[in-house]
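Here's the structure we're looking at; comments come further down.
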Amino acid sequence: MHPISRSFIYFSIFLSFAIFSQSQEFIFPNQEQEDRFYLLTNEIRCPKCTSGSIASSNAPIAEDLKRKVYEQIIDGKTDLEIKNFITDRYGEFADYRPSFESWNILLWIGPGIFMLIFGFLFFREQK
Amino acid sequence: MQLSKILAITLLGVFFIFLGKLILDDKTPSSNITGKPFPQFQQLTLDGNSISHEYFIGKKAIVNVWASWCITCLVEHPFLSERASEISIIGINYKDDKSDAVNWLNKNGNFFSTNIHDPIGNLAIDLGVTGAPESFLVIDGKIVSHVIGELNQKKWEENFAPYL
Amino acid sequence: MIAELANFLLIASLSTFFGSFLLGIYARKVESSRIILRSLFSNANLLLLLSFGLFVYLAAVDDFSVSYIASHSNSSLPLFYKISSIWSAHEGSMFLWITLLASWSLLFIRRQDFAEIFSIDMTTILSLILLLFTAFLIFTSNPLERILPLSPIDGADINPILQDPGLAIHPPMLYMGYVGFVIPFIAALANLTTESNHLWEKSVKSWTLAAWAFLTAGIGLGSAWAYYELGWGGYWFWDPVENIALLPWLCGTALVHAMAVSSKTSNFKTWVNFLAILVFILSLFGAFIVRSGIIDSVHTFANDPTRGLYLLGLISIISIFSFTLFAVRGAEFQKKIIILGSKESFISFNNILLMTAIFSVFLGVLYPLIYEATNGSKISVGPPFYNSIFAPMVLIAGLFIGSSLNAQWQRSMRLSSFLQPLLGVMVVLLLAGILHYFLNISFSILELMSFIAGTFILISYILKHLMTEFGKRIINTGSLIAHIGFGVLLIGIALNSNLSFQETVALVPNNPKITNKNIIVLNEISEADGPNFSSIIAEVEINPGPNAVLLRPEKRKYVTRGQVTSETDIHSSLIKDVYVNLGELNDQNQWVIRLQSNYFISFIWVGIVLMLTGILLFLRRVISATK
């Protein structure tokens, strides 16, 4: 690849992360819904970005998904229903919080298991 | 065997996972929508007629998400135009202004069987679309295959041809 | 001409490193050649530094016949950014990385006694590492390549977002930290090759601390830059590359603590040897990941898998060599049983926790790769995972730090020593209760863990101070300040996460909007022109009245590249930052404005600065002790 085009990749990636260009308003009747909105949008991964949640992205799709989350919160949907709405369409990839199911259980309890085994071996070895 | 030595060997293993990933990597994004029925909808076409998901029952069709502001859509336009003789192509006009879309079709040629107008992209979101262009193969109301980005000969043969 | 000279010097240094590598092996037996080895190695490093110096000069005088400079710099840039554009992409940053490595080597080797085989072996290993990376630079990513005969008149410019002093010094700091860990690494390897078993870790302790300090500063700067410049109001994103940068820091932390044990008792000798190797391997790993494109991250340099493959090959050679050497030669030592409650038992817990942290980050980064390979579908492991895993670990760490203040080497704590942590726990619970019932702060479990850990550390130091007889106060101020900094950081993180909130509103000028917590007014929208951009400036007033906050967020459009950036305006105070961004004009002719109220951000910065100060004070103590 030509060096110039390569550097453009780098730049464009940084840029997509850095321009704030919000074009929608999110007004909530109560604080609880507003807090849920920002928590949820921070946990949903932007499906078209290199990395980052829809809250930290201005990609058109991230804007659309924020709108969807907003509408559903106003409609009284639960967090689980909203997450399912997103993952049904964009896959588990779109959820930054892996479900506590099947193989993912190993991911969640892995650190704990490691600590116990490693700690046990560590102290045993010093004897 | 010492603990730190076990760790050392495990870490070497980790390197080989990365090595494998680097060599075997294919960057095709997977789709979560294939195998599912076409999402339920009730919308208007660009001509102003009503259309719903029942349209796809008993039909074999390509669904193409496009917009007049989308440059890649213009790139894949001639290829799709060739395919239009073999299979019905239904457009989803994505986040677009109706008159811009009609002008675009008049200028570049209209081979679409019909065009669903999706001004704010709700139907597209139900299809797991992340942007334009994207294409789906729909057989009897079921989504069989999904291509993200420009549809060309290679992608056609890999993703759509096996089902036709 | 100068570009050719720089290139020549680079190649000359490559061959000199090769020479000093061969001579190093020879000098093990032949003592008379050792004096030549010293000057050969020094000269190789000097050649490299000189070559980099010329490269900096070329960037400073806008020599756009050098392709790298042409594509990353521009004649209209201030000198400072012309130079910092050197590390804005792969080739130049790799060059900087190697140059810093050579600088550390030069400084370190000059102080070594070449009568010892230990020093000879360190030089040989260093020569090999530098040889491999210089070859990588020259053959796969030469920053001195030229565009001839048709060189461009002007450069392609640097991204406006990168034109920031914070970002200009963040990479060199980070790299100084990464490559500084080469010193404990080579000492550990030389210890294995010579089987000398002398107190090698004592001779590199100050170097390790220095590298650790740089890395702490580098990560802290990156975090501050993200907060002030990126405009999302966050200071840590658990982005894969951030995670990878954290690994050497976690391992360095474990190493520095473990060194304290191994220099006081006979325990931990092999373990320290292992950590010293691991910390540099993890640093190399970081350099590789950023350049491989394997992992999706906002920090990725260039997605060029072949180059990533070379780099991975290099790192594999180095790690296979060192870990194999370790597995074969890593000696067993006479060990004493670790008594629970002793200082070394607390440091053992520290190391277990830090290794678990390293494991967790690896797991989080690797799991999506493994999942995709076995299931064929993609999965994301993000902030919710890391937060849930780190919070309990931080809680345990905090409880151990606070309880360890009365611990002594090789003996258990007296029963009376438990009084202080017990009292500490009670004070912390009381404090949490007050916050909950009187200030109406209800922490989530994770926030509570971080808060308890942080306050427990602070309160333990205060109680220790109050309960110790005069004259028996804590002698090690460095450790005291660093741990207090850690406590302040944890409190900051907990309160920030709990109290902060944001609002997104669309406004027309002079039409106040009342949200759940604020009244927001857009006073006016104005336009202005900067040196190379035009901007739209909004004047936003929050809660008009005597306590009003007036902010002027901006949107800039840069003329040359047509890029648009958003300039956040922040009103900072000790407790709360008001953080405002200007968005787009929507179709109803309203300006979208996002207002964030970020609490206790200052605690996070103060915590990091205290940690760094503590490390530096400790470093000074170590240096004066070895003199």
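FYI, nothing fancy with the structure tokens labels: chains A, B, ... in order, residues from 1 per chain, ligands from 1 as they appear.
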Provide as JSON, numbers by chain the residues of chain C at most 7 Å from chain A, counting only C-alpha atoms.
-> {"C": [71, 89, 159, 230, 231, 232, 296, 297, 298, 300, 301, 302, 335, 336, 337, 338, 352, 356, 359, 360, 378, 379, 380, 381, 382, 383, 384, 385, 504, 505, 506, 516, 564, 565, 566, 583, 584, 585, 586, 592]}
Counting only C-alpha atoms, which residues of chain A come no farther than 9 Å from chain B, as a list in words?
-> Pro47, Lys48, Pro60, Ile61, Ala62, Asp64, Leu65, Lys68, Phe85, Ile86, Thr87, Asp88, Arg89, Tyr90, Gly91, Glu92, Phe118, Leu121, Phe122 and Glu125 of chain A
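The space between atom CA of C:Glu567 and atom CA of C:Glu554 spans 4.9 Å.
Among the candidate residues C:Ser75, C:Arg411, C:Tyr57, C:Leu616, the one lying nearest to C:Ser342 is C:Arg411, with distances computed using only C-alpha atoms.
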Per DSSP on the backbone, filter stretch 400-483 of chain C down to the residues in helix (DSSP H, G or I) and report them as JSON, numbers by chain.
-> {"C": [400, 401, 402, 403, 404, 405, 406, 415, 416, 417, 418, 419, 420, 421, 422, 423, 424, 425, 426, 427, 428, 429, 430, 431, 432, 433, 434, 435, 436, 437, 438, 445, 446, 447, 448, 449, 450, 451, 452, 453, 454, 455, 456, 457, 458, 459, 460, 461, 462, 463, 464, 465, 466, 467, 477, 478, 479, 480, 481, 482, 483]}
Contacts of C:Ile138 at 10 Å (only C-alpha atoms; same-chain gap of 2+ positions) as a PyMOL selection string | chain C and resi 7+10-11+14+91+95+133-136+140-145
Just to be explicit: take each residue in the selection above, keep C-alpha atoms, and write the result as a PDB file, in the first residue's frame.
```pdb
ATOM      1  CA  ASN C   7      20.118   6.286   5.811  1.00  0.00           C
ATOM      2  CA  LEU C  10      21.219   3.769  10.036  1.00  0.00           C
ATOM      3  CA  ILE C  11      22.746   0.984   7.972  1.00  0.00           C
ATOM      4  CA  LEU C  14      22.886  -1.995  11.912  1.00  0.00           C
ATOM      5  CA  GLU C  91       7.586   4.089  10.367  1.00  0.00           C
ATOM      6  CA  PHE C  95      12.195   4.768  14.540  1.00  0.00           C
ATOM      7  CA  PHE C 133      14.647  -4.120  15.357  1.00  0.00           C
ATOM      8  CA  THR C 134      16.958  -1.935  13.275  1.00  0.00           C
ATOM      9  CA  ALA C 135      16.824  -4.568  10.552  1.00  0.00           C
ATOM     10  CA  PHE C 136      13.029  -4.578  10.807  1.00  0.00           C
ATOM     11  CA  THR C 140      10.171  -3.313   6.127  1.00  0.00           C
ATOM     12  CA  SER C 141       9.447   0.221   7.282  1.00  0.00           C
ATOM     13  CA  ASN C 142      12.205   2.599   6.333  1.00  0.00           C
ATOM     14  CA  PRO C 143      11.153   6.129   7.275  1.00  0.00           C
ATOM     15  CA  LEU C 144      13.945   7.597   5.144  1.00  0.00           C
ATOM     16  CA  GLU C 145      12.651   6.367   1.799  1.00  0.00           C
TER      17      GLU C 145
END
```
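In this structure, atom CA of B:Glu76 sits 5.8 Å away from atom CA of B:Glu150.
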